[in-house]
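Undergrad: Okay, so here is input.txt, and as you'll see once you scroll down, it has compact mmCIF, C-alpha atoms.
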```txt
# COMPACT_ATOMS: atom_id res chain seq x y z
CA MET A 1 -18.29 -34.68 -26.34
CA SER A 2 -18.53 -35.04 -22.57
CA CYS A 3 -15.73 -36.35 -20.42
CA PRO A 4 -16.47 -40.00 -19.47
CA ASN A 5 -15.51 -39.35 -15.84
CA TYR A 6 -17.59 -36.17 -15.50
CA PRO A 7 -20.33 -36.88 -12.91
CA LYS A 8 -23.91 -36.53 -14.08
CA ASN A 9 -24.98 -35.26 -10.67
CA MET A 10 -22.74 -32.69 -8.92
CA GLU A 11 -25.06 -32.28 -5.95
CA GLY A 12 -22.88 -34.22 -3.50
CA PHE A 13 -19.56 -32.60 -4.41
CA GLY A 14 -19.93 -29.15 -2.83
CA THR A 15 -17.68 -26.17 -3.38
CA SER A 16 -13.93 -26.39 -3.86
CA PRO A 17 -12.10 -25.71 -0.58
CA ILE A 18 -9.96 -22.59 -0.40
CA PRO A 19 -7.16 -21.74 2.06
CA GLU A 20 -8.23 -19.31 4.78
CA GLU A 21 -6.11 -18.51 7.82
CA GLY A 22 -4.48 -21.93 7.95
CA LYS A 23 -7.63 -23.95 7.19
CA TRP A 24 -9.28 -25.36 4.10
CA ILE A 25 -12.76 -23.85 3.92
CA GLN A 26 -15.69 -24.66 1.66
CA SER A 27 -16.93 -21.10 1.36
CA LYS A 28 -20.68 -20.88 0.77
CA GLU A 29 -21.59 -17.62 2.50
CA ILE A 30 -19.87 -14.30 3.18
CA LYS A 31 -19.42 -15.29 6.83
CA ASP A 32 -17.14 -18.12 5.65
CA VAL A 33 -14.55 -15.66 4.33
CA SER A 34 -11.57 -14.57 6.42
CA GLY A 35 -8.22 -13.15 5.41
CA PHE A 36 -5.83 -10.26 5.09
CA SER A 37 -5.27 -8.93 1.59
CA HIS A 38 -4.74 -5.93 -0.65
CA GLY A 39 -6.41 -4.51 -3.74
CA CYS A 40 -5.29 -1.75 -6.09
CA GLY A 41 -7.66 0.34 -8.19
CA LYS A 42 -7.66 3.37 -10.45
CA CYS A 43 -10.21 6.09 -11.11
CA ALA A 44 -12.08 6.41 -14.41
CA PRO A 45 -9.92 9.21 -15.89
CA GLN A 46 -6.86 7.39 -14.48
CA GLN A 47 -5.69 10.45 -12.59
CA GLY A 48 -4.94 8.49 -9.44
CA THR A 49 -4.84 5.13 -7.72
CA CYS A 50 -5.70 3.49 -4.41
CA LYS A 51 -4.20 0.62 -2.45
CA LEU A 52 -6.77 -0.85 -0.07
CA THR A 53 -5.82 -3.31 2.68
CA LEU A 54 -8.52 -5.22 4.54
CA ASN A 55 -8.38 -7.59 7.49
CA VAL A 56 -11.53 -9.70 7.42
CA LYS A 57 -12.73 -12.09 10.12
CA ASN A 58 -15.81 -14.27 9.45
CA GLY A 59 -16.95 -12.02 6.63
CA ILE A 60 -16.71 -8.80 8.67
CA ILE A 61 -14.15 -6.09 7.88
CA GLU A 62 -12.35 -5.56 11.16
CA GLU A 63 -9.56 -3.33 9.83
CA ALA A 64 -9.02 -1.15 6.77
CA LEU A 65 -6.02 0.77 5.50
CA VAL A 66 -6.69 3.19 2.63
CA GLU A 67 -3.72 4.65 0.74
CA THR A 68 -4.28 6.92 -2.27
CA ILE A 69 -2.25 9.04 -4.62
CA GLY A 70 -3.75 11.40 -7.14
CA CYS A 71 -6.30 14.20 -7.06
CA SER A 72 -7.24 16.02 -3.85
CA GLY A 73 -10.77 14.63 -4.09
CA MET A 74 -9.39 11.12 -3.95
CA THR A 75 -7.25 11.76 -0.90
CA HIS A 76 -10.21 13.25 0.97
CA SER A 77 -12.42 10.38 -0.15
CA ALA A 78 -10.00 8.02 1.59
CA ALA A 79 -10.97 9.55 4.93
CA MET A 80 -14.65 8.85 4.25
CA ALA A 81 -13.99 5.30 3.04
CA ALA A 82 -11.97 4.55 6.18
CA GLU A 83 -15.00 5.49 8.29
CA ILE A 84 -17.40 3.47 6.13
CA LEU A 85 -15.57 0.13 5.87
CA PRO A 86 -14.97 -1.28 9.39
CA GLY A 87 -17.91 -3.30 10.68
CA LYS A 88 -19.40 -3.96 7.25
CA THR A 89 -19.54 -7.39 5.66
CA LEU A 90 -17.49 -7.92 2.51
CA LEU A 91 -20.69 -7.95 0.46
CA GLU A 92 -21.97 -4.73 2.03
CA ALA A 93 -18.64 -3.01 1.34
CA LEU A 94 -18.63 -4.23 -2.26
CA ASN A 95 -22.06 -2.67 -2.77
CA THR A 96 -21.39 0.57 -0.89
CA ASP A 97 -20.27 3.76 -2.63
CA LEU A 98 -16.78 4.36 -1.25
CA VAL A 99 -16.86 7.88 -2.72
CA CYS A 100 -13.96 7.59 -5.20
CA ASP A 101 -13.73 5.44 -8.36
CA ALA A 102 -10.24 4.27 -7.41
CA ILE A 103 -11.31 3.15 -3.92
CA ASN A 104 -14.38 1.38 -5.32
CA ASP A 105 -12.16 -0.35 -7.88
CA ALA A 106 -9.68 -1.37 -5.17
CA MET A 107 -12.59 -2.81 -3.15
CA LYS A 108 -13.54 -5.01 -6.09
CA GLN A 109 -9.99 -6.26 -6.43
CA VAL A 110 -9.49 -7.08 -2.75
CA PHE A 111 -12.91 -8.77 -2.69
CA LEU A 112 -11.75 -11.13 -5.43
CA GLN A 113 -8.51 -11.87 -3.58
CA LEU A 114 -10.37 -12.79 -0.42
CA VAL A 115 -13.25 -14.83 -1.83
CA TYR A 116 -10.83 -16.92 -3.91
CA GLY A 117 -8.53 -17.56 -0.95
CA ARG A 118 -5.62 -15.55 -2.38
CA SER A 119 -4.88 -13.67 0.82
CA GLN A 120 -1.65 -12.81 2.58
CA SER A 121 -2.85 -14.84 5.56
CA ALA A 122 -4.16 -17.86 3.59
CA PHE A 123 -1.72 -20.25 5.27
CA SER A 124 -1.28 -18.39 8.59
CA GLU A 125 -3.05 -20.21 11.39
CA GLY A 126 -5.53 -17.81 12.96
CA GLY A 127 -4.75 -15.16 10.37
CA LEU A 128 -3.15 -11.80 11.10
CA ALA A 129 -4.02 -9.83 14.22
CA ILE A 130 -5.92 -6.54 14.03
CA GLY A 131 -3.26 -3.86 13.63
CA SER A 132 -1.33 -5.75 10.97
CA ALA A 133 -2.30 -3.20 8.32
CA LEU A 134 -0.49 -0.47 10.25
CA GLU A 135 2.56 -2.72 10.57
CA ASP A 136 2.67 -2.78 6.76
CA LEU A 137 3.58 0.91 6.95
CA GLY A 138 6.62 0.36 9.16
CA LYS A 139 7.43 1.82 12.55
CA THR A 140 6.96 5.44 11.45
CA LEU A 141 3.46 4.71 10.09
CA SER A 142 4.13 6.44 6.77
CA SER A 143 3.15 5.14 3.34
CA ASN A 144 5.92 4.28 0.91
CA VAL A 145 5.56 6.79 -1.91
CA ALA A 146 7.80 7.18 -4.94
CA THR A 147 7.70 10.44 -6.93
CA VAL A 148 10.30 10.71 -9.66
CA TYR A 149 10.34 13.23 -12.52
CA SER A 150 12.56 13.24 -15.60
CA ASN A 151 12.96 15.01 -18.90
CA LYS A 152 15.49 14.88 -21.72
CA LYS A 153 16.99 18.30 -21.06
CA PHE A 154 17.46 18.25 -17.26
CA GLY A 155 17.63 14.55 -16.49
CA THR A 156 16.06 12.67 -13.59
CA LYS A 157 14.82 14.22 -10.36
CA TYR A 158 14.19 12.01 -7.36
CA LEU A 159 11.57 13.76 -5.19
CA ASN A 160 10.33 11.03 -2.85
CA LEU A 161 11.46 7.43 -2.49
CA ALA A 162 10.97 4.65 0.05
CA GLU A 163 13.37 6.29 2.49
CA GLY A 164 11.60 9.65 2.43
CA TYR A 165 11.75 13.20 1.07
CA ILE A 166 14.80 13.65 -1.17
CA THR A 167 16.72 16.85 -0.38
CA LYS A 168 19.86 16.36 -2.49
CA GLU A 169 21.02 14.20 -5.39
CA GLY A 170 24.65 13.17 -5.74
CA LEU A 171 25.99 13.03 -9.31
CA ASP A 172 29.16 11.51 -10.72
CA GLU A 173 31.40 13.01 -13.40
CA ASN A 174 28.93 11.87 -16.08
CA GLY A 175 26.03 13.60 -14.40
CA GLU A 176 24.47 10.30 -13.35
CA ILE A 177 22.83 9.86 -9.95
CA ILE A 178 24.92 7.73 -7.58
CA GLY A 179 23.19 8.52 -4.30
CA TYR A 180 20.98 10.96 -2.45
CA GLU A 181 20.30 12.66 0.84
CA TYR A 182 16.85 12.31 2.30
CA VAL A 183 14.69 13.21 5.30
CA ASN A 184 12.54 10.42 6.65
CA MET A 185 9.26 12.23 7.28
CA GLY A 186 7.88 9.81 9.84
CA THR A 187 11.08 9.99 11.86
CA LEU A 188 11.17 13.77 11.51
CA MET A 189 7.65 14.15 12.90
CA ASN A 190 8.52 11.95 15.87
CA TYR A 191 11.52 14.13 16.67
CA LEU A 192 9.50 17.32 16.24
CA LYS A 193 6.94 16.04 18.75
CA ASP A 194 9.77 15.52 21.23
CA THR A 195 10.19 18.97 22.77
CA LYS A 196 13.83 18.42 23.67
CA PHE A 197 14.83 18.88 20.01
CA THR A 198 14.77 22.15 18.06
CA PRO A 199 13.36 21.96 14.51
CA GLN A 200 16.90 22.18 13.11
CA GLU A 201 18.07 19.35 15.36
CA ALA A 202 15.06 17.25 14.41
CA ILE A 203 15.79 17.69 10.70
CA ALA A 204 19.45 16.81 11.22
CA LYS A 205 18.58 13.63 13.14
CA ALA A 206 16.08 12.52 10.50
CA THR A 207 18.48 13.17 7.60
CA LYS A 208 20.51 10.32 6.12
CA THR A 209 22.13 9.39 2.83
CA TYR A 210 21.79 6.46 0.45
CA GLY A 211 24.12 4.94 -2.12
CA ARG A 212 27.51 6.53 -2.93
CA PHE A 213 26.36 10.02 -2.03
CA ASP A 214 29.70 10.79 -0.31
CA GLU A 215 31.54 10.13 -3.59
CA ALA A 216 29.48 12.62 -5.60
CA VAL A 217 31.39 15.20 -7.65
CA LYS A 218 28.30 17.39 -7.80
CA VAL A 219 25.33 17.77 -5.43
CA ILE A 220 22.04 19.31 -6.55
CA ASP A 221 18.62 20.08 -5.08
CA PRO A 222 16.21 18.09 -7.30
CA ARG A 223 13.46 20.64 -6.76
CA ARG A 224 15.51 23.60 -7.94
CA ALA A 225 18.16 22.37 -10.36
```
Go ahead and express the file in the form of C-alpha cells.

TA:
Amino acid sequence: MSCPNYPKNMEGFGTSPIPEEGKWIQSKEIKDVSGFSHGCGKCAPQQGTCKLTLNVKNGIIEEALVETIGCSGMTHSAAMAAEILPGKTLLEALNTDLVCDAINDAMKQVFLQLVYGRSQSAFSEGGLAIGSALEDLGKTLSSNVATVYSNKKFGTKYLNLAEGYITKEGLDENGEIIGYEYVNMGTLMNYLKDTKFTPQEAIAKATKTYGRFDEAVKVIDPRRA
C-alpha cells in the first residue's frame, strides 16, 4: 500500500539538503562537498588501523592527516598516502589505491562522513582553516597513542598514554597503579633541538607525573618489571 501523501512525481523535489560549513547544501556533484572530518579503518588481517583526517573545500582535498598503528608496511604506506591525497577530488581519492588496506578503509569511512554532511565543520561558517588537522595533534604535533599490556601473572603495564612515554608506574600497598611518571616525547624533542639544554636536562624538563604518583609505596619500570 502506498502512502496517500507520497508524490507520484519526485522530479521537482531535488536532493535533501545537508549541513556543510554553516550552510545547507543540496549536494549533487563532488564539487558541492566541503567539510573537515575523520575516518577510521582496519586492514584485512586486522593487524593495524588508520585514522584519516581530511579537510575538503569544494570537493578538493586541501589537507590530509594520516595516523596509523600496526605493521611497518602500514606506517610506511602512510607516507605515500599523504603524498597522494592533497589536490585530489573526494571521488578520485576514493578510487585511488592508498597502498594499505587500513588507509583505503579509512578513506571510505571519511568519504561517507563528508558526503552525508556528518563533518566536524558542518555548522562552522566557512569551515575549518587549512592547518586544523595539525592542531588536532596539539602543540607538540604528536599523535595520541595508547599502548597498554597486561597479563594475569604480572599485572598491567602502561607503556604509552596520552601524556607520553611511561617511564615509571606508582603502585599502592595492593599493587594497584595509582599514578605514573612520563616523558612527553614532543616536548622532549623540542628541548633537544634547543642547544642550550643537555640531553639529560631535556629529559628532566620533559618529565612529569600523573595521578597520585608521589604517594606510591612501590615504583616500577613497566618495561622491565

Undergrad: Hey, which bits of region 58-83 of chain A sit within 10 Å of region 35-44 of chain A, and for each residue what's the closest pair of atoms and how far apart in Å (one decimal), counting all atoms listed in the file, rows by chain and increasing number, as JSON lines?

TA:
```
{"residue": "A:Asn58", "atom": "CA", "partner": "A:Gly35", "partner_atom": "CA", "distance": 8.7}
{"residue": "A:Gly59", "atom": "CA", "partner": "A:Gly35", "partner_atom": "CA", "distance": 8.9}
{"residue": "A:Ile61", "atom": "CA", "partner": "A:Gly35", "partner_atom": "CA", "distance": 9.5}
{"residue": "A:Glu63", "atom": "CA", "partner": "A:Phe36", "partner_atom": "CA", "distance": 9.2}
{"residue": "A:Ala64", "atom": "CA", "partner": "A:Phe36", "partner_atom": "CA", "distance": 9.8}
{"residue": "A:Leu65", "atom": "CA", "partner": "A:His38", "partner_atom": "CA", "distance": 9.2}
{"residue": "A:Val66", "atom": "CA", "partner": "A:His38", "partner_atom": "CA", "distance": 9.9}
{"residue": "A:Glu67", "atom": "CA", "partner": "A:Cys40", "partner_atom": "CA", "distance": 9.5}
{"residue": "A:Thr68", "atom": "CA", "partner": "A:Gly41", "partner_atom": "CA", "distance": 9.5}
{"residue": "A:Ile69", "atom": "CA", "partner": "A:Lys42", "partner_atom": "CA", "distance": 9.8}
{"residue": "A:Gly70", "atom": "CA", "partner": "A:Cys43", "partner_atom": "CA", "distance": 9.3}
{"residue": "A:Cys71", "atom": "CA", "partner": "A:Cys43", "partner_atom": "CA", "distance": 9.9}
{"residue": "A:Met74", "atom": "CA", "partner": "A:Cys43", "partner_atom": "CA", "distance": 8.8}
```

Undergrad: When distances are computed from only C-alpha atoms, which of A:Ser150, A:Lys108, A:Thr89, A:Ser143 shows the smallest separation from Ala162 (chain A)?

TA: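 Ranking A:Ser150, A:Lys108, A:Thr89, A:Ser143 by distance to Ala162 (chain A), first place goes to A:Ser143.
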
Undergrad: How far is it from CA of Val33 (chain A) to CA of Gly138 (chain A), in Å with one decimal?

TA: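 So the answer is 27.0 Å.
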
Undergrad: Report the distance between CA of Gln200 (chain A) and CA of Ser142 (chain A) in Å, rounded to one decimal place.

TA: 21.2 Å

Undergrad: Which residue gives the smallest distance to Tyr165 (chain A) among A:Arg223, A:Arg212, A:Lys23, A:Lys153, with all atoms listed in the file counted?

TA: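 Nearest candidate to Tyr165 (chain A) out of A:Arg223, A:Arg212, A:Lys23, A:Lys153: A:Arg223.
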
Undergrad: What is the CA of Ala206 (chain A) to CA of Ala133 (chain A) distance in Å?

TA: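 These atoms are spaced 24.3 Å apart.
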
Undergrad: List as JSON, numbers by chain the protein and nucleic acid residues near region 110-127 of chain A, meaning an atom at most 10 Å away when only C-alpha atoms are counted, but skip any in the same chain fewer than 3 places from it.

TA: {"A": [16, 17, 18, 19, 20, 21, 22, 23, 24, 25, 27, 28, 29, 30, 32, 33, 34, 35, 36, 37, 38, 39, 40, 41, 51, 52, 53, 54, 55, 56, 57, 59, 90, 91, 93, 94, 105, 106, 107, 130]}

Undergrad: Taking (23.4, 4.7, -1.4) in the file's own coordinates, collect the residues within 8 Å, counting only C-alpha atoms, and hand them back as a list in words.

TA: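 Within the cut-off we find Ile178, Gly179, Tyr180, Thr209, Tyr210, Gly211, Arg212 and Phe213 of chain A.
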
Undergrad: With C-alpha atoms retained, write the just-selected residues as a CSV table (one decimal), in the coordinates of the input.

TA:
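Output below, filename out24.csv:
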```csv
chain,number,residue,atom,x,y,z
A,178,ILE,CA,24.9,7.7,-7.6
A,179,GLY,CA,23.2,8.5,-4.3
A,180,TYR,CA,21.0,11.0,-2.4
A,209,THR,CA,22.1,9.4,2.8
A,210,TYR,CA,21.8,6.5,0.4
A,211,GLY,CA,24.1,4.9,-2.1
A,212,ARG,CA,27.5,6.5,-2.9
A,213,PHE,CA,26.4,10.0,-2.0
```

Undergrad: List as a PyMOL selection string the protein and nucleic acid residues near Asn190 (chain A), meaning an atom at most 9 Å away when all atoms listed in the file are counted, but skip any in the same chain fewer than 5 places from it.

TA: chain A and resi 140+185+202

Undergrad: When you count all atoms listed in the file, which of these residues is closest to Thr75 (chain A): A:Thr49, A:Asn174, A:Thr147, A:Gln109?

TA: A:Thr49

Undergrad: Please, what is the axis-aligned box for every listed atom of region 114-124 of chain A with 3 Å on each side, as centre and edge lengths in Å to one decimal, as AutoDock Vina command-line options?

TA:
```
--center_x -7.3 --center_y -16.5 --center_z 2.3 --size_x 18.0 --size_y 13.5 --size_z 18.5
```

Undergrad: May I have the residues at most 7 Å from (-17.5, -2.4, 8.5) in the file's coordinates, counting all atoms listed in the file, as a list in words?

TA: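 Those residues lying close to the given coordinates are Ile60, Ile61, Glu62, Ile84, Leu85, Pro86, Gly87, Lys88 and Thr89 of chain A.
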
Undergrad: Can I get the selected residues back with C-alpha atoms, as a tab-separated table (two decimals), in the coordinates of the input?

TA:
```
chain	number	residue	atom	x	y	z
A	60	ILE	CA	-16.71	-8.80	8.67
A	61	ILE	CA	-14.15	-6.09	7.88
A	62	GLU	CA	-12.35	-5.56	11.16
A	84	ILE	CA	-17.40	3.47	6.13
A	85	LEU	CA	-15.57	0.13	5.87
A	86	PRO	CA	-14.97	-1.28	9.39
A	87	GLY	CA	-17.91	-3.30	10.68
A	88	LYS	CA	-19.40	-3.96	7.25
A	89	THR	CA	-19.54	-7.39	5.66
```
